[in-house]
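First the structure, in the form of structure tokens, and then the observations on it.
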Number of protein chains: 4
Amino acid sequence: MLIVMKKDATQVEIDQVSQSVIDQGFEAHPMPGAQCTAICVLKNKGAVDANMFSNLPGVREVIRVTKPYKLASIETHPGPTVVEIRGEKIGGNNFTVMAGPCSVETEESMFRNADKLAGMGVKFFRAGAYKPRTGPYSFQGLGEEGLRILEKVRDRTGMGIVTEVMDVETLPLVAGSADILQVGTRNMSNTSLLKQLGKINKPVLLKRGMSASLEELLLAAEYILSGGNHNVMLCERGIRTFSNHSRNTLDVAAVPALRALTHLPIIVDPSHAAGYTYMVPSLCLAGVAAGAHGLIVEAHDDAANAYSDGQQALHPEDMEKLLVQFDMIHKAVNL
Amino acid sequence: MLIVMKKDATQVEIDQVSQSVIDQGFEAHPMPGAQCTAICVLKNKGAVDANMFSNLPGVREVIRVTKPYKLASIETHPGPTVVEIRGEKIGGNNFTVMAGPCSVETEESMFRNADKLAGMGVKFFRAGAYKPRTGPYSFQGLGEEGLRILEKVRDRTGMGIVTEVMDVETLPLVAGSADILQVGTRNMSNTSLLKQLGKINKPVLLKRGMSASLEELLLAAEYILSGGNHNVMLCERGIRTFSNHSRNTLDVAAVPALRALTHLPIIVDPSHAAGYTYMVPSLCLAGVAAGAHGLIVEAHDDAANAYSDGQQALHPEDMEKLLVQFDMIHKAVNL
Amino acid sequence: MLIVMKKDATQVEIDQVSQSVIDQGFEAHPMPGAQCTAICVLKNKGAVDANMFSNLPGVREVIRVTKPYKLASIETHPGPTVVEIRGEKIGGNNFTVMAGPCSVETEESMFRNADKLAGMGVKFFRAGAYKPRTGPYSFQGLGEEGLRILEKVRDRTGMGIVTEVMDVETLPLVAGSADILQVGTRNMSNTSLLKQLGKINKPVLLKRGMSASLEELLLAAEYILSGGNHNVMLCERGIRTFSNHSRNTLDVAAVPALRALTHLPIIVDPSHAAGYTYMVPSLCLAGVAAGAHGLIVEAHDDAANAYSDGQQALHPEDMEKLLVQFDMIHKAVNL
Amino acid sequence: MLIVMKKDATQVEIDQVSQSVIDQGFEAHPMPGAQCTAICVLKNKGAVDANMFSNLPGVREVIRVTKPYKLASIETHPGPTVVEIRGEKIGGNNFTVMAGPCSVETEESMFRNADKLAGMGVKFFRAGAYKPRTGPYSFQGLGEEGLRILEKVRDRTGMGIVTEVMDVETLPLVAGSADILQVGTRNMSNTSLLKQLGKINKPVLLKRGMSASLEELLLAAEYILSGGNHNVMLCERGIRTFSNHSRNTLDVAAVPALRALTHLPIIVDPSHAAGYTYMVPSLCLAGVAAGAHGLIVEAHDDAANAYSDGQQALHPEDMEKLLVQFDMIHKAVNL
């Protein structure tokens, strides 16, 4: 940590700040510069709370140098984390596709879609039984009935099930049915939920909050990891910006940035980023090219009658060509 | 709702969309324009799901006209909502100040701060017993012990207690101690929590999500209102933007915009918007001038040793002058 | 255009707005809805100024339906624009790489870099002779001397020259030397410059403003197109958001969105989006995969001593593998 | 400046970076920390280009400590700059209102509006003769004829004239007529124009770019100041964010932040921030309360027929009450 003093800070103020650093058990090294004095703080074990010093007299700014997360950091775990689910590996050099409708709907519709996707080689089926909707009057998901249908899909097709968990109350229920627990963008900072997820032994797909920095995403993962659950995957799903041609702005740079910061697998969700079917294929391809370990895509064979998010769903048949393209691009990336 | 067709949409496509609108039980009025045809949808009772039509052949765009919230809307409740707590009125022409430290700390420190604030006429004391922190290694709040201290503060000073509720599990506990339940920015979209808050009879201070639109904020309020709890207050606390001189960007325009959209009281939180003590007074004054019904301000008489957020806390003594300024500006606003 | 009236708008107000529409020479069709009345405006030739109606009594909102640009629109020019420069085609099914240092530096350094890039088959050399720097104390470019060096690079290697034009005064000079005139992100809305670019016959690479919508970008292009210069290429170079792991946020969704809106070629600049060398290759690949017609990349064989932007330059040798990857991905995209 | 090395940086790399710092003529002080080594750079005269070091082997990050602007900084000019124009003082403890229509229109309309405003005590009249419009088909301003009308307004009312200058070509013309040259948000980074403005002796009102940081705004001011023109005023006019209830997001925190960074007067433009007349008064009051030295407000007595921006114009009669409110709030702020 670096404490930058104001230009007109007095020597007394500089000494007081140094003493305050020492009082916390750290080392203080004042460095007088041409414009101002900076005090280097050493011997702190990780993230010192900047708050402690920022309000002291004469302090202009406190600059943090070390990262506040540990278990999620590539520095403490240099090799890639590979999550294994029903014999499938996610992370490392593997490339994984998860696909399916936004919501669980009728058994017939789910079987029809899952059969098509499984037939193309897709290994994970996604659909929400519990839906976090913006307003109370929108469809909120089938709940337990939806979980039953998802279990049948798994029995029938052998696909792994990815579905969202929304709260601590329904966590046991959802964890009993799902192979991967999805934490949605609106819950990335729901620390009560994250703490519980740390206590169970089930892979988690943690979506980046709509306006979360990567550090905040990694700290959310750290809540789960520090509880003892090491099977965490991160998901870039678009961020909120001024840009209005897509529902959110897919931040593809998050993929190489996360690969440099963490060992956890990185999945891209092009559907929620796009918001419109027509641009989903391009965002899929961009995600693969940026180096993602996998994609989670909304697909529905009757989008006009989907219970939710029909306007951004691909037709399963469009997936066929895409799967070939993913393969070609994944090869190019790993050339 | 307005369905805008593509320039080259065929008559057959236009007819199919119209039929699809009629099939949903609405009226369809195609309006051929110079550049394209638009189909007006009438007789829909509120928010029609745009998804149903956006993927039909020939459709370029679906434009929503009516608002998706009802109970929060000023159109269904033209007079202002005034929330009454321990004899104090919030909303309407009243102006309310809530102040206190970020976290509940020792009883002694809380008493000291509360006494000072109560002595100046502040009627509500704010402090968190449960803290939603970005990382798992930060101080997470005193929990139940904190609630006990807050109850003693109320007994001692007569101030109403504002404190955060983070999840459904601790809701009964927190609701048993608090006079106002604060829902933090990270939980604005925690619909499981919002639904439970609709079922209890305790005022809620709902903070705007860091990247929430006002429509999303009002829909979050609608979750609570539609459950039966009508004592909801909204809080603008800064949004996340590229701007980095403040911790968040205080969106003062949200105040007049919300006053035009809703009857609910609007509180401004200048402390989390600012992030730095030095700019908190200016943001306080701007909030009052923009027409807020009240402020919630972090104040601590020993900020350098605060358990959290010390870098943005005012000293209670700075509050004295501010309270006079609030009064002068509130008079100017209501001239 | 659709004029939405307030819920409590009177019939007199509705009639007045309708009359006002008719007075402008358009047709007005009031549509009474369940919640409010909307007035469809027909027969307007293109973009009616919403201002004319938004302040009339009883009006809640004016919703624009038609696009304000014409020549840039795919609706008026369905086939792709292909810009031909020195025998090279940009746009359509072609894929073009432009590469080189940020600034023109010494002749020796430019020759060395250009030779390497030309040897790999790169057809366009980019480097700035005039530099728009954020502060007055940064290196502002070699000016005319830089243009002379660029001409020598073209003579020596046969590469086309891409260089920035910053103002009307130096336009004749820069246009005399360049094959493609680059308009930087800070000048996208410099309408005085755009108007002059419309009057000359030289291809323009128009970069998207840091916070420009695609509509604003297309309107900026419309300034040039409507002046008579039809050789315009658009460039996505990252937008400004809260996200801080990259210098800007590469908005890859702009590529499919622009392909749906315009016939103009779309170039991606991964270097200014990234800001850090390590993530440039991933953003290059994502740009190709998203469907760009080309890339403009900063490359320098001695980045540590670059006059500007060294921290985001690729080494020309890294380009060799990338060119193979571009080819593989471009094939996958056009499968 | 602080150069943070990677956790696994070798001693050789650390030594090389230190040597590289020394080679530039600075001092290097490596500080080995618990997690990584940081190298403090001392003796640099101001803003060292971070680029020089960020690409060296083993470097993780370069953190800048000193500010890159000098003449705009409060550290080099602690007292406030007061700009004096036609006997009126802007800055310091003065509060100044500039008002008028968006565009210069007919002489009659300008006289009518100016008379009303002058009658209320407004000392500066604003209106654009040259207009930077987003699209080429919008009204572009009356040009020279507009300047003539503005001169007549000054002769008639004694008000100072504020009008926009868009390019170097028309600068002599506009400077010949105006009392204050306004640089619009789209031109904040037009460094060719800024350099010319540094060479003349006429006050400049420099608007913040839509997505400019305060550092970028101050660097733009530095271009003018370093040319020799010290009469620069800064203008906060709203930034571009995801928030869509106002045209831009008024960043009121910019006012206290700028007051802490610079001695230049700060003007708030509530009209372009709001975009809708109904919220302009609240943003005016918030701007005064935040500590602005003045406001620039769009006012028009016939907004429905304004040539541009009518939807955000106040009626001059609404200004009367506002002027009283400004006075009350300005008193409260300076209590």
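Residue names in the structure tokens use chain letters A, B, ... in the order shown, residue numbers from 1 in each chain, and ligand numbers from 1 in the order shown.
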Within 6 Å of chain B, which residues of chain D are there when counting only C-alpha atoms? Please give them as an MDAnalysis selection string.
chainID D and resid 241 256 279 282 285:286 289:290 325 329 332
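Those residues of stretch 34-110 of chain B that DSSP, working from the backbone, places in strand (DSSP E or B) are Thr37, Ala38, Ile39, Cys40, Val41, Leu42, Val59, Arg60, Glu61, Val62, Ile63, Ser73, Val83, Glu84, Ile85, Glu88, Lys89, Ile90, Thr96, Val97, Met98, Ala99, Gly100 and Ser103 of chain B.
As for atom CA of A:Met52 and atom CA of B:Cys102, they are spaced 14.0 Å apart.
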Residues of stretch 98-160 of chain C in alpha helix (DSSP H) according to DSSP, as a ChimeraX atom specification?
/C:107-119,144-157
